[in-house]
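Participant: The following file, protein.tsv, comprises TSV, N, CA and C atoms:
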```tsv
chain	number	residue	atom	x	y	z
A	76	MET	N	0.87	-1.17	0.00
A	76	MET	CA	0.00	0.00	0.00
A	76	MET	C	0.91	1.22	0.00
A	77	THR	N	0.69	2.09	-0.93
A	77	THR	CA	1.46	3.32	-0.95
A	77	THR	C	0.60	4.43	-0.37
A	78	GLY	N	1.20	5.56	-0.13
A	78	GLY	CA	0.48	6.67	0.45
A	78	GLY	C	1.28	7.26	1.58
A	79	GLU	N	0.71	8.23	2.22
A	79	GLU	CA	1.37	8.94	3.31
A	79	GLU	C	1.20	8.18	4.62
A	80	VAL	N	2.27	8.10	5.40
A	80	VAL	CA	2.21	7.49	6.72
A	80	VAL	C	2.13	8.62	7.74
A	81	ILE	N	1.11	8.53	8.62
A	81	ILE	CA	0.89	9.54	9.65
A	81	ILE	C	1.10	8.86	11.00
A	82	LEU	N	1.99	9.39	11.81
A	82	LEU	CA	2.18	8.86	13.16
A	82	LEU	C	1.18	9.52	14.10
A	83	TYR	N	0.38	8.71	14.74
A	83	TYR	CA	-0.63	9.21	15.68
A	83	TYR	C	-0.29	8.66	17.06
A	84	GLN	N	-0.32	9.52	18.05
A	84	GLN	CA	-0.11	9.09	19.42
A	84	GLN	C	-1.36	9.43	20.22
A	85	THR	N	-1.85	8.45	21.00
A	85	THR	CA	-3.04	8.69	21.82
A	85	THR	C	-2.74	9.77	22.85
A	86	GLU	N	-3.78	10.43	23.33
A	86	GLU	CA	-3.62	11.53	24.28
A	86	GLU	C	-2.84	11.13	25.53
A	87	ASP	N	-3.08	9.89	25.99
A	87	ASP	CA	-2.39	9.44	27.20
A	87	ASP	C	-0.98	8.93	26.91
A	88	GLY	N	-0.60	8.89	25.63
A	88	GLY	CA	0.73	8.46	25.24
A	88	GLY	C	0.92	6.96	25.30
A	89	ALA	N	-0.14	6.21	25.60
A	89	ALA	CA	-0.03	4.77	25.76
A	89	ALA	C	0.20	4.04	24.44
A	90	ALA	N	-0.27	4.62	23.34
A	90	ALA	CA	-0.13	3.94	22.05
A	90	ALA	C	0.30	4.93	20.98
A	91	GLN	N	1.14	4.43	20.10
A	91	GLN	CA	1.53	5.21	18.92
A	91	GLN	C	1.20	4.33	17.72
A	92	ILE	N	0.46	4.89	16.79
A	92	ILE	CA	-0.06	4.13	15.66
A	92	ILE	C	0.38	4.78	14.37
A	93	SER	N	0.85	3.96	13.43
A	93	SER	CA	1.19	4.45	12.09
A	93	SER	C	-0.04	4.29	11.21
A	94	LEU	N	-0.66	5.40	10.87
A	94	LEU	CA	-1.84	5.38	10.02
A	94	LEU	C	-1.40	5.57	8.57
A	95	ARG	N	-2.01	4.85	7.66
A	95	ARG	CA	-1.71	5.00	6.25
A	95	ARG	C	-2.84	5.78	5.58
A	96	ALA	N	-2.49	6.91	5.00
A	96	ALA	CA	-3.48	7.73	4.31
A	96	ALA	C	-3.32	7.49	2.81
A	97	MET	N	-4.42	7.18	2.16
A	97	MET	CA	-4.39	6.93	0.72
A	97	MET	C	-5.72	7.36	0.13
A	98	ASP	N	-5.66	8.16	-0.91
A	98	ASP	CA	-6.87	8.63	-1.59
A	98	ASP	C	-7.84	9.31	-0.63
A	99	GLY	N	-7.30	10.08	0.32
A	99	GLY	CA	-8.14	10.82	1.24
A	99	GLY	C	-8.76	10.01	2.36
A	100	THR	N	-8.31	8.77	2.53
A	100	THR	CA	-8.85	7.90	3.57
A	100	THR	C	-7.71	7.31	4.39
A	101	VAL	N	-7.92	7.18	5.67
A	101	VAL	CA	-6.95	6.54	6.55
A	101	VAL	C	-7.30	5.06	6.61
A	102	TRP	N	-6.28	4.21	6.52
A	102	TRP	CA	-6.47	2.76	6.56
A	102	TRP	C	-5.74	2.19	7.76
A	103	LEU	N	-6.42	1.32	8.51
A	103	LEU	CA	-5.85	0.72	9.72
A	103	LEU	C	-6.05	-0.79	9.70
A	104	THR	N	-5.14	-1.50	10.36
A	104	THR	CA	-5.33	-2.92	10.57
A	104	THR	C	-6.19	-3.11	11.82
A	105	GLN	N	-6.64	-4.35	12.06
A	105	GLN	CA	-7.41	-4.61	13.28
A	105	GLN	C	-6.56	-4.33	14.52
A	106	ALA	N	-5.28	-4.68	14.46
A	106	ALA	CA	-4.39	-4.43	15.60
A	106	ALA	C	-4.27	-2.93	15.89
A	107	GLU	N	-4.19	-2.13	14.83
A	107	GLU	CA	-4.10	-0.68	15.01
A	107	GLU	C	-5.40	-0.11	15.57
A	108	MET	N	-6.54	-0.63	15.11
A	108	MET	CA	-7.82	-0.18	15.68
A	108	MET	C	-7.91	-0.57	17.15
A	109	ALA	N	-7.42	-1.76	17.49
A	109	ALA	CA	-7.44	-2.20	18.89
A	109	ALA	C	-6.61	-1.26	19.75
A	110	ALA	N	-5.43	-0.86	19.25
A	110	ALA	CA	-4.59	0.08	19.99
A	110	ALA	C	-5.27	1.44	20.11
A	111	LEU	N	-5.90	1.88	19.03
A	111	LEU	CA	-6.57	3.17	19.01
A	111	LEU	C	-7.71	3.23	20.03
A	112	PHE	N	-8.49	2.14	20.11
A	112	PHE	CA	-9.64	2.11	21.00
A	112	PHE	C	-9.34	1.45	22.35
A	113	ASP	N	-8.08	1.08	22.58
A	113	ASP	CA	-7.66	0.47	23.83
A	113	ASP	C	-8.52	-0.75	24.16
A	114	THR	N	-8.58	-1.67	23.20
A	114	THR	CA	-9.34	-2.90	23.37
A	114	THR	C	-8.57	-4.03	22.70
A	115	SER	N	-9.14	-5.21	22.66
A	115	SER	CA	-8.45	-6.34	22.05
A	115	SER	C	-8.76	-6.45	20.56
A	116	LYS	N	-7.88	-7.11	19.85
A	116	LYS	CA	-8.10	-7.37	18.42
A	116	LYS	C	-9.36	-8.23	18.24
A	117	GLN	N	-9.60	-9.15	19.18
A	117	GLN	CA	-10.79	-10.00	19.11
A	117	GLN	C	-12.07	-9.16	19.22
A	118	SER	N	-12.04	-8.16	20.08
A	118	SER	CA	-13.20	-7.28	20.23
A	118	SER	C	-13.45	-6.51	18.93
A	119	ILE	N	-12.38	-6.00	18.33
A	119	ILE	CA	-12.52	-5.28	17.05
A	119	ILE	C	-13.10	-6.22	15.99
A	120	SER	N	-12.57	-7.43	15.92
A	120	SER	CA	-13.05	-8.42	14.94
A	120	SER	C	-14.55	-8.69	15.12
A	121	LEU	N	-14.98	-8.86	16.37
A	121	LEU	CA	-16.40	-9.08	16.66
A	121	LEU	C	-17.25	-7.92	16.18
A	122	HIS	N	-16.82	-6.70	16.48
A	122	HIS	CA	-17.61	-5.54	16.08
A	122	HIS	C	-17.62	-5.37	14.56
A	123	LEU	N	-16.52	-5.67	13.90
A	123	LEU	CA	-16.50	-5.59	12.44
A	123	LEU	C	-17.48	-6.59	11.84
A	124	ARG	N	-17.47	-7.82	12.36
A	124	ARG	CA	-18.42	-8.83	11.86
A	124	ARG	C	-19.86	-8.35	12.05
A	125	ASN	N	-20.16	-7.75	13.21
A	125	ASN	CA	-21.51	-7.25	13.47
A	125	ASN	C	-21.88	-6.13	12.51
A	126	ILE	N	-20.95	-5.22	12.25
A	126	ILE	CA	-21.20	-4.10	11.34
A	126	ILE	C	-21.54	-4.61	9.95
A	127	PHE	N	-20.78	-5.60	9.48
A	127	PHE	CA	-21.02	-6.14	8.15
A	127	PHE	C	-22.28	-7.00	8.12
A	128	ALA	N	-22.52	-7.79	9.16
A	128	ALA	CA	-23.70	-8.65	9.22
A	128	ALA	C	-24.99	-7.82	9.28
A	129	ASP	N	-24.94	-6.69	10.00
A	129	ASP	CA	-26.12	-5.83	10.13
A	129	ASP	C	-26.34	-4.96	8.89
A	130	GLY	N	-25.38	-4.97	7.97
A	130	GLY	CA	-25.51	-4.17	6.76
A	130	GLY	C	-25.25	-2.69	6.97
A	131	GLU	N	-24.63	-2.33	8.11
A	131	GLU	CA	-24.31	-0.93	8.36
A	131	GLU	C	-23.34	-0.41	7.32
A	132	LEU	N	-22.39	-1.25	6.95
A	132	LEU	CA	-21.44	-0.94	5.88
A	132	LEU	C	-21.19	-2.21	5.08
A	133	VAL	N	-20.81	-2.05	3.83
A	133	VAL	CA	-20.49	-3.18	2.96
A	133	VAL	C	-18.98	-3.38	2.99
A	134	ALA	N	-18.55	-4.60	3.27
A	134	ALA	CA	-17.13	-4.88	3.43
A	134	ALA	C	-16.32	-4.46	2.20
A	135	ASP	N	-16.85	-4.69	1.01
A	135	ASP	CA	-16.10	-4.35	-0.21
A	135	ASP	C	-15.75	-2.86	-0.28
A	136	SER	N	-16.52	-2.03	0.38
A	136	SER	CA	-16.27	-0.58	0.29
A	136	SER	C	-15.30	-0.07	1.35
A	137	VAL	N	-15.04	-0.86	2.39
A	137	VAL	CA	-14.22	-0.37	3.49
A	137	VAL	C	-13.08	-1.31	3.88
A	138	VAL	N	-12.91	-2.41	3.17
A	138	VAL	CA	-11.85	-3.37	3.47
A	138	VAL	C	-11.02	-3.59	2.21
A	139	LYS	N	-9.70	-3.57	2.39
A	139	LYS	CA	-8.83	-3.92	1.27
A	139	LYS	C	-7.62	-4.66	1.79
A	140	GLU	N	-7.07	-5.48	0.93
A	140	GLU	CA	-5.85	-6.18	1.29
A	140	GLU	C	-4.67	-5.31	0.92
A	141	SER	N	-3.76	-5.15	1.86
A	141	SER	CA	-2.60	-4.28	1.67
A	141	SER	C	-1.34	-5.05	2.04
A	142	LEU	N	-0.24	-4.66	1.46
A	142	LEU	CA	1.05	-5.22	1.83
A	142	LEU	C	1.64	-4.35	2.93
A	143	ILE	N	1.78	-4.95	4.11
A	143	ILE	CA	2.23	-4.20	5.30
A	143	ILE	C	3.58	-4.76	5.74
A	144	PRO	N	4.58	-3.90	5.89
A	144	PRO	CA	5.87	-4.39	6.40
A	144	PRO	C	5.75	-4.73	7.89
A	145	ALA	N	6.40	-5.83	8.28
A	145	ALA	CA	6.35	-6.28	9.67
A	145	ALA	C	7.70	-6.05	10.34
A	146	ALA	N	7.74	-6.29	11.63
A	146	ALA	CA	8.96	-6.09	12.41
A	146	ALA	C	10.11	-6.97	11.92
A	147	ASP	N	9.78	-8.12	11.32
A	147	ASP	CA	10.83	-9.03	10.83
A	147	ASP	C	11.41	-8.60	9.49
A	148	GLY	N	10.94	-7.46	8.98
A	148	GLY	CA	11.44	-6.94	7.72
A	148	GLY	C	10.72	-7.47	6.49
A	149	LYS	N	9.87	-8.45	6.68
A	149	LYS	CA	9.11	-9.01	5.56
A	149	LYS	C	7.82	-8.22	5.37
A	150	THR	N	7.26	-8.33	4.18
A	150	THR	CA	5.99	-7.67	3.88
A	150	THR	C	4.91	-8.73	3.79
A	151	TYR	N	3.79	-8.49	4.46
A	151	TYR	CA	2.71	-9.47	4.51
A	151	TYR	C	1.41	-8.85	3.98
A	152	ALA	N	0.63	-9.70	3.30
A	152	ALA	CA	-0.70	-9.27	2.85
A	152	ALA	C	-1.60	-9.25	4.09
A	153	THR	N	-2.16	-8.09	4.37
A	153	THR	CA	-2.97	-7.88	5.57
A	153	THR	C	-4.22	-7.10	5.20
A	154	GLN	N	-5.35	-7.47	5.81
A	154	GLN	CA	-6.57	-6.70	5.58
A	154	GLN	C	-6.46	-5.38	6.33
A	155	THR	N	-6.77	-4.30	5.64
A	155	THR	CA	-6.83	-2.99	6.28
A	155	THR	C	-8.25	-2.47	6.13
A	156	TYR	N	-8.61	-1.58	7.02
A	156	TYR	CA	-9.99	-1.10	7.11
A	156	TYR	C	-10.00	0.41	7.01
A	157	SER	N	-10.95	0.90	6.26
A	157	SER	CA	-11.09	2.33	6.05
A	157	SER	C	-11.41	3.04	7.36
A	158	GLY	N	-10.95	4.28	7.45
A	158	GLY	CA	-11.26	5.10	8.60
A	158	GLY	C	-12.76	5.30	8.78
A	159	LYS	N	-13.55	5.05	7.73
A	159	LYS	CA	-15.01	5.16	7.85
A	159	LYS	C	-15.55	4.23	8.92
A	160	LEU	N	-14.83	3.15	9.17
A	160	LEU	CA	-15.28	2.18	10.18
A	160	LEU	C	-15.08	2.68	11.60
A	161	ARG	N	-14.22	3.67	11.79
A	161	ARG	CA	-13.93	4.14	13.15
A	161	ARG	C	-15.19	4.47	13.92
A	162	MET	N	-16.07	5.26	13.33
A	162	MET	CA	-17.28	5.67	14.05
A	162	MET	C	-18.18	4.48	14.34
A	163	GLU	N	-18.30	3.57	13.37
A	163	GLU	CA	-19.15	2.40	13.59
A	163	GLU	C	-18.60	1.56	14.75
A	164	VAL	N	-17.29	1.32	14.73
A	164	VAL	CA	-16.67	0.54	15.80
A	164	VAL	C	-16.77	1.29	17.12
A	165	ALA	N	-16.49	2.58	17.10
A	165	ALA	CA	-16.55	3.39	18.33
A	165	ALA	C	-17.96	3.35	18.92
A	166	GLN	N	-18.98	3.44	18.08
A	166	GLN	CA	-20.35	3.40	18.58
A	166	GLN	C	-20.65	2.06	19.23
A	167	GLN	N	-20.20	0.97	18.60
A	167	GLN	CA	-20.45	-0.35	19.20
A	167	GLN	C	-19.68	-0.52	20.50
A	168	LEU	N	-18.43	-0.06	20.52
A	168	LEU	CA	-17.65	-0.15	21.76
A	168	LEU	C	-18.29	0.70	22.86
A	169	ALA	N	-18.75	1.89	22.50
A	169	ALA	CA	-19.41	2.76	23.47
A	169	ALA	C	-20.69	2.10	23.99
A	170	ALA	N	-21.43	1.45	23.10
A	170	ALA	CA	-22.66	0.76	23.51
A	170	ALA	C	-22.32	-0.36	24.48
A	171	ASP	N	-21.24	-1.10	24.20
A	171	ASP	CA	-20.82	-2.17	25.11
A	171	ASP	C	-20.42	-1.61	26.46
A	172	ARG	N	-19.65	-0.53	26.44
A	172	ARG	CA	-19.20	0.08	27.70
A	172	ARG	C	-20.39	0.62	28.48
A	173	PHE	N	-21.36	1.21	27.77
A	173	PHE	CA	-22.55	1.71	28.45
A	173	PHE	C	-23.32	0.56	29.06
A	174	ALA	N	-23.45	-0.54	28.31
A	174	ALA	CA	-24.18	-1.70	28.83
A	174	ALA	C	-23.50	-2.24	30.09
A	175	ASP	N	-22.16	-2.31	30.08
A	175	ASP	CA	-21.43	-2.75	31.27
A	175	ASP	C	-21.66	-1.79	32.43
A	176	PHE	N	-21.57	-0.48	32.13
A	176	PHE	CA	-21.79	0.54	33.16
A	176	PHE	C	-23.20	0.44	33.72
A	177	ASP	N	-24.19	0.29	32.82
A	177	ASP	CA	-25.59	0.24	33.23
A	177	ASP	C	-25.85	-0.99	34.10
A	178	ALA	N	-25.25	-2.12	33.74
A	178	ALA	CA	-25.42	-3.34	34.54
A	178	ALA	C	-24.81	-3.14	35.93
A	179	ALA	N	-23.63	-2.52	35.98
A	179	ALA	CA	-22.98	-2.26	37.28
A	179	ALA	C	-23.82	-1.28	38.10
A	180	ARG	N	-24.38	-0.26	37.43
A	180	ARG	CA	-25.23	0.72	38.13
A	180	ARG	C	-26.46	0.03	38.70
A	181	LYS	N	-27.10	-0.83	37.91
A	181	LYS	CA	-28.30	-1.53	38.38
A	181	LYS	C	-27.97	-2.44	39.56
A	182	GLN	N	-26.80	-3.09	39.49
A	182	GLN	CA	-26.39	-3.95	40.58
A	182	GLN	C	-26.16	-3.13	41.84
A	183	ALA	N	-25.52	-1.97	41.69
A	183	ALA	CA	-25.27	-1.09	42.84
A	183	ALA	C	-26.59	-0.57	43.40
A	184	ASP	N	-27.52	-0.19	42.51
A	184	ASP	CA	-28.83	0.28	42.95
A	184	ASP	C	-29.58	-0.81	43.72
A	185	ALA	N	-29.50	-2.06	43.22
A	185	ALA	CA	-30.18	-3.17	43.88
A	185	ALA	C	-29.56	-3.43	45.25
A	186	ALA	N	-28.23	-3.35	45.33
A	186	ALA	CA	-27.56	-3.55	46.61
A	186	ALA	C	-27.96	-2.46	47.60
A	187	GLN	N	-28.06	-1.22	47.13
A	187	GLN	CA	-28.47	-0.11	48.00
A	187	GLN	C	-29.92	-0.30	48.45
A	188	ALA	N	-30.79	-0.77	47.52
A	188	ALA	CA	-32.19	-1.02	47.88
A	188	ALA	C	-32.27	-2.11	48.94
A	189	ASP	N	-31.43	-3.16	48.79
A	189	ASP	CA	-31.40	-4.22	49.79
A	189	ASP	C	-30.96	-3.67	51.15
A	190	THR	N	-29.95	-2.82	51.15
A	190	THR	CA	-29.46	-2.20	52.38
A	190	THR	C	-30.56	-1.34	53.01
A	191	ASP	N	-31.25	-0.55	52.17
A	191	ASP	CA	-32.33	0.30	52.67
A	191	ASP	C	-33.47	-0.55	53.24
A	192	ASP	N	-33.82	-1.65	52.54
A	192	ASP	CA	-34.88	-2.53	53.02
A	192	ASP	C	-34.49	-3.17	54.35
A	193	LEU	N	-33.24	-3.60	54.46
A	193	LEU	CA	-32.77	-4.21	55.70
A	193	LEU	C	-32.83	-3.21	56.85
A	194	ALA	N	-32.42	-1.97	56.59
A	194	ALA	CA	-32.47	-0.93	57.63
A	194	ALA	C	-33.92	-0.68	58.06
A	195	ALA	N	-34.84	-0.65	57.10
A	195	ALA	CA	-36.25	-0.43	57.43
A	195	ALA	C	-36.81	-1.60	58.25
A	196	ILE	N	-36.43	-2.83	57.92
A	196	ILE	CA	-36.88	-4.00	58.66
A	196	ILE	C	-36.32	-3.97	60.09
A	197	GLU	N	-35.04	-3.61	60.21
A	197	GLU	CA	-34.42	-3.52	61.54
A	197	GLU	C	-35.10	-2.45	62.39
A	198	ALA	N	-35.44	-1.32	61.78
A	198	ALA	CA	-36.12	-0.25	62.52
A	198	ALA	C	-37.51	-0.72	62.96
A	199	LEU	N	-38.22	-1.42	62.06
A	199	LEU	CA	-39.55	-1.94	62.38
A	199	LEU	C	-39.46	-2.96	63.52
A	200	ALA	N	-38.48	-3.85	63.45
A	200	ALA	CA	-38.29	-4.85	64.50
A	200	ALA	C	-37.98	-4.18	65.84
A	201	LYS	N	-37.17	-3.14	65.79
A	201	LYS	CA	-36.83	-2.39	67.01
A	201	LYS	C	-38.07	-1.74	67.59
A	202	ASP	N	-38.91	-1.13	66.71
A	202	ASP	CA	-40.15	-0.51	67.17
A	202	ASP	C	-41.09	-1.55	67.78
A	203	LEU	N	-41.23	-2.71	67.12
A	203	LEU	CA	-42.11	-3.76	67.63
A	203	LEU	C	-41.61	-4.27	68.99
A	204	SER	N	-40.30	-4.42	69.10
A	204	SER	CA	-39.70	-4.90	70.35
A	204	SER	C	-39.95	-3.89	71.47
A	205	ARG	N	-39.83	-2.61	71.18
A	205	ARG	CA	-40.05	-1.56	72.15
A	205	ARG	C	-41.53	-1.54	72.56
A	206	ASP	N	-42.42	-1.67	71.55
A	206	ASP	CA	-43.86	-1.67	71.84
A	206	ASP	C	-44.26	-2.86	72.72
A	207	ARG	N	-43.64	-4.01	72.50
A	207	ARG	CA	-43.95	-5.19	73.31
A	207	ARG	C	-43.49	-4.99	74.76
A	208	GLY	N	-42.41	-4.27	74.91
A	208	GLY	CA	-41.89	-4.01	76.24
A	208	GLY	C	-42.80	-3.09	77.03
A	209	LYS	N	-43.61	-2.25	76.34
A	209	LYS	CA	-44.53	-1.32	77.01
A	209	LYS	C	-45.79	-2.01	77.46
A	210	GLY	N	-46.16	-3.07	76.79
A	210	GLY	CA	-47.45	-3.67	77.04
A	210	GLY	C	-47.47	-4.64	78.09
```
Just dump the structure as structure tokens.

Facilitator:
Amino acid sequence: MTGEVILYQTEDGAAQISLRAMDGTVWLTQAEMAALFDTSKQSISLHLRNIFADGELVADSVVKESLIPAADGKTYATQTYSGKLRMEVAQQLAADRFADFDAARKQADAAQADTDDLAAIEALAKDLSRDRGKG
């Protein structure tokens, strides 16, 4: 793949990614998307499959095979993905993170409700015990 190479570093400095710009589009491998979104390559693969299965995007329009040089000095045929996929993947990752957050919030709310119910029962038992002592 020819074109301009753009070095991108995440805000926290945790990852540096070499983006390939060609014909006005940035192309990334699954590993680069995983680094960009701070997730696993498997997670990216799952979201890509979902995007294509749901018909959100057509693979032929956003996936191409590119020759990518590797650390061993050899060049390998690798699937690269158009930057157009970034938003689709980001939305799915955000939805997953929200679902995890929402589940944790519901669990915390349920635990607090249990604590509140227990406190109310203890107060009622204390009142009943006190009332029995008066009679």

Participant: Using DSSP assignments from the backbone, pull out every residue in stretch 85-167 of chain A that falls under helix (DSSP H, G or I) and give it to me as JSON, numbers by chain.

Facilitator: {"A": [105, 106, 107, 108, 109, 110, 111, 112, 116, 117, 118, 119, 120, 121, 122, 123, 124, 125, 126, 127, 128, 134, 135, 136, 137, 160, 161, 162, 163, 164, 165, 166, 167]}

Participant: Could you list, as a list in words, every residue within 8 Å of stretch 79-87 of chain A, counting only N, CA and C atoms and ignoring same-chain residues fewer than 2 positions away?

Facilitator: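 Residues meeting the cut-off are Met76, Thr77, Ala89, Ala90, Gln91, Ile92, Ser93, Leu94, Arg95, Ala96, Met97, Asp98, Ala110 and Leu111 of chain A.
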
Participant: Next, the residues of the selection above should be written as a JSON list (two decimals), keeping the file's coordinate frame with N, CA and C atoms.

Facilitator:
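Final output, again.json:
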```
[["chain", "number", "residue", "atom", "x", "y", "z"],
["A", 76, "MET", "N", 0.87, -1.17, 0.00],
["A", 76, "MET", "CA", 0.00, 0.00, 0.00],
["A", 76, "MET", "C", 0.91, 1.22, 0.00],
["A", 77, "THR", "N", 0.69, 2.09, -0.93],
["A", 77, "THR", "CA", 1.46, 3.32, -0.95],
["A", 77, "THR", "C", 0.60, 4.43, -0.37],
["A", 89, "ALA", "N", -0.14, 6.21, 25.60],
["A", 89, "ALA", "CA", -0.03, 4.77, 25.76],
["A", 89, "ALA", "C", 0.20, 4.04, 24.44],
["A", 90, "ALA", "N", -0.27, 4.62, 23.34],
["A", 90, "ALA", "CA", -0.13, 3.94, 22.05],
["A", 90, "ALA", "C", 0.30, 4.93, 20.98],
["A", 91, "GLN", "N", 1.14, 4.43, 20.10],
["A", 91, "GLN", "CA", 1.53, 5.21, 18.92],
["A", 91, "GLN", "C", 1.20, 4.33, 17.72],
["A", 92, "ILE", "N", 0.46, 4.89, 16.79],
["A", 92, "ILE", "CA", -0.06, 4.13, 15.66],
["A", 92, "ILE", "C", 0.38, 4.78, 14.37],
["A", 93, "SER", "N", 0.85, 3.96, 13.43],
["A", 93, "SER", "CA", 1.19, 4.45, 12.09],
["A", 93, "SER", "C", -0.04, 4.29, 11.21],
["A", 94, "LEU", "N", -0.66, 5.40, 10.87],
["A", 94, "LEU", "CA", -1.84, 5.38, 10.02],
["A", 94, "LEU", "C", -1.40, 5.57, 8.57],
["A", 95, "ARG", "N", -2.01, 4.85, 7.66],
["A", 95, "ARG", "CA", -1.71, 5.00, 6.25],
["A", 95, "ARG", "C", -2.84, 5.78, 5.58],
["A", 96, "ALA", "N", -2.49, 6.91, 5.00],
["A", 96, "ALA", "CA", -3.48, 7.73, 4.31],
["A", 96, "ALA", "C", -3.32, 7.49, 2.81],
["A", 97, "MET", "N", -4.42, 7.18, 2.16],
["A", 97, "MET", "CA", -4.39, 6.93, 0.72],
["A", 97, "MET", "C", -5.72, 7.36, 0.13],
["A", 98, "ASP", "N", -5.66, 8.16, -0.91],
["A", 98, "ASP", "CA", -6.87, 8.63, -1.59],
["A", 98, "ASP", "C", -7.84, 9.31, -0.63],
["A", 110, "ALA", "N", -5.43, -0.86, 19.25],
["A", 110, "ALA", "CA", -4.59, 0.08, 19.99],
["A", 110, "ALA", "C", -5.27, 1.44, 20.11],
["A", 111, "LEU", "N", -5.90, 1.88, 19.03],
["A", 111, "LEU", "CA", -6.57, 3.17, 19.01],
["A", 111, "LEU", "C", -7.71, 3.23, 20.03]]
```

Participant: Find the distance between atom C of A:Ala183 and atom CA of A:Asp202 and write it in Å to one decimal.

Facilitator: 27.4 Å

Participant: Contacts of stretch 115-123 of chain A at 8 Å or less, counting all atoms listed in the file, minus same-chain residues fewer than 4 places along, as a PDB file with N, CA and C atoms, keeping the file's coordinate frame?

Facilitator:
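Saved file selection-v4.pdb follows:
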```pdb
ATOM      1  N   GLN A 105      -6.640  -4.350  12.060  1.00  0.00           N
ATOM      2  CA  GLN A 105      -7.410  -4.610  13.280  1.00  0.00           C
ATOM      3  C   GLN A 105      -6.560  -4.330  14.520  1.00  0.00           C
ATOM      4  N   ALA A 106      -5.280  -4.680  14.460  1.00  0.00           N
ATOM      5  CA  ALA A 106      -4.390  -4.430  15.600  1.00  0.00           C
ATOM      6  C   ALA A 106      -4.270  -2.930  15.890  1.00  0.00           C
ATOM      7  N   GLU A 107      -4.190  -2.130  14.830  1.00  0.00           N
ATOM      8  CA  GLU A 107      -4.100  -0.680  15.010  1.00  0.00           C
ATOM      9  C   GLU A 107      -5.400  -0.110  15.570  1.00  0.00           C
ATOM     10  N   MET A 108      -6.540  -0.630  15.110  1.00  0.00           N
ATOM     11  CA  MET A 108      -7.820  -0.180  15.680  1.00  0.00           C
ATOM     12  C   MET A 108      -7.910  -0.570  17.150  1.00  0.00           C
ATOM     13  N   ALA A 109      -7.420  -1.760  17.490  1.00  0.00           N
ATOM     14  CA  ALA A 109      -7.440  -2.200  18.890  1.00  0.00           C
ATOM     15  C   ALA A 109      -6.610  -1.260  19.750  1.00  0.00           C
ATOM     16  N   ALA A 110      -5.430  -0.860  19.250  1.00  0.00           N
ATOM     17  CA  ALA A 110      -4.590   0.080  19.990  1.00  0.00           C
ATOM     18  C   ALA A 110      -5.270   1.440  20.110  1.00  0.00           C
ATOM     19  N   PHE A 127     -20.780  -5.600   9.480  1.00  0.00           N
ATOM     20  CA  PHE A 127     -21.020  -6.140   8.150  1.00  0.00           C
ATOM     21  C   PHE A 127     -22.280  -7.000   8.120  1.00  0.00           C
ATOM     22  N   ALA A 128     -22.520  -7.790   9.160  1.00  0.00           N
ATOM     23  CA  ALA A 128     -23.700  -8.650   9.220  1.00  0.00           C
ATOM     24  C   ALA A 128     -24.990  -7.820   9.280  1.00  0.00           C
ATOM     25  N   ASP A 129     -24.940  -6.690  10.000  1.00  0.00           N
ATOM     26  CA  ASP A 129     -26.120  -5.830  10.130  1.00  0.00           C
ATOM     27  C   ASP A 129     -26.340  -4.960   8.890  1.00  0.00           C
ATOM     28  N   GLU A 163     -18.300   3.570  13.370  1.00  0.00           N
ATOM     29  CA  GLU A 163     -19.150   2.400  13.590  1.00  0.00           C
ATOM     30  C   GLU A 163     -18.600   1.560  14.750  1.00  0.00           C
ATOM     31  N   VAL A 164     -17.290   1.320  14.730  1.00  0.00           N
ATOM     32  CA  VAL A 164     -16.670   0.540  15.800  1.00  0.00           C
ATOM     33  C   VAL A 164     -16.770   1.290  17.120  1.00  0.00           C
ATOM     34  N   GLN A 167     -20.200   0.970  18.600  1.00  0.00           N
ATOM     35  CA  GLN A 167     -20.450  -0.350  19.200  1.00  0.00           C
ATOM     36  C   GLN A 167     -19.680  -0.520  20.500  1.00  0.00           C
ATOM     37  N   LEU A 168     -18.430  -0.060  20.520  1.00  0.00           N
ATOM     38  CA  LEU A 168     -17.650  -0.150  21.760  1.00  0.00           C
ATOM     39  C   LEU A 168     -18.290   0.700  22.860  1.00  0.00           C
TER      40      LEU A 168
END
```

Participant: If we count all atoms listed in the file and set the cut-off at 6.5 Å, which residues sit around A:Leu142, ignoring sequence neighbours fewer than 5 positions away in its own chain? Please answer as a ChimeraX atom specification.

Facilitator: /A:76,150-153

Participant: What separation in Å, quoted to one decimal, exists between atom C of A:Leu103 and atom N of A:Gly158?

Facilitator: 7.4 Å

Participant: Ranking A:Gly78, A:Leu132, A:Asp147, A:Ser157 by minimum distance to A:Thr104 and counting all atoms listed in the file, which one comes first?

Facilitator: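 Answer, going by the shortest atom-to-atom distance: A:Ser157.
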
Participant: For the strand (DSSP E) assignment from backbone DSSP, which residues of stretch 82-150 of chain A qualify? Please present them as a list in words.

Facilitator: Leu82, Tyr83, Gln84, Gln91, Ile92, Ser93, Leu94, Arg95, Ala96, Met97, Thr100, Val101, Trp102, Leu103, Val138, Lys139, Glu140, Ser141, Leu142, Ile143, Pro144 and Thr150 of chain A

Participant: Calculate how many Å separate atom N of A:Arg124 from atom CA of A:Leu160, rounding to one decimal.

Facilitator: 10.5 Å

Participant: Tell me which protein, DNA and RNA residues are within 7 Å of A:Val138, counting only C-alpha atoms, leaving out same-chain ones fewer than 4 positions away, and put them as a list in words.

Facilitator: Ala134, Gln154, Thr155, Tyr156 and Ser157 of chain A
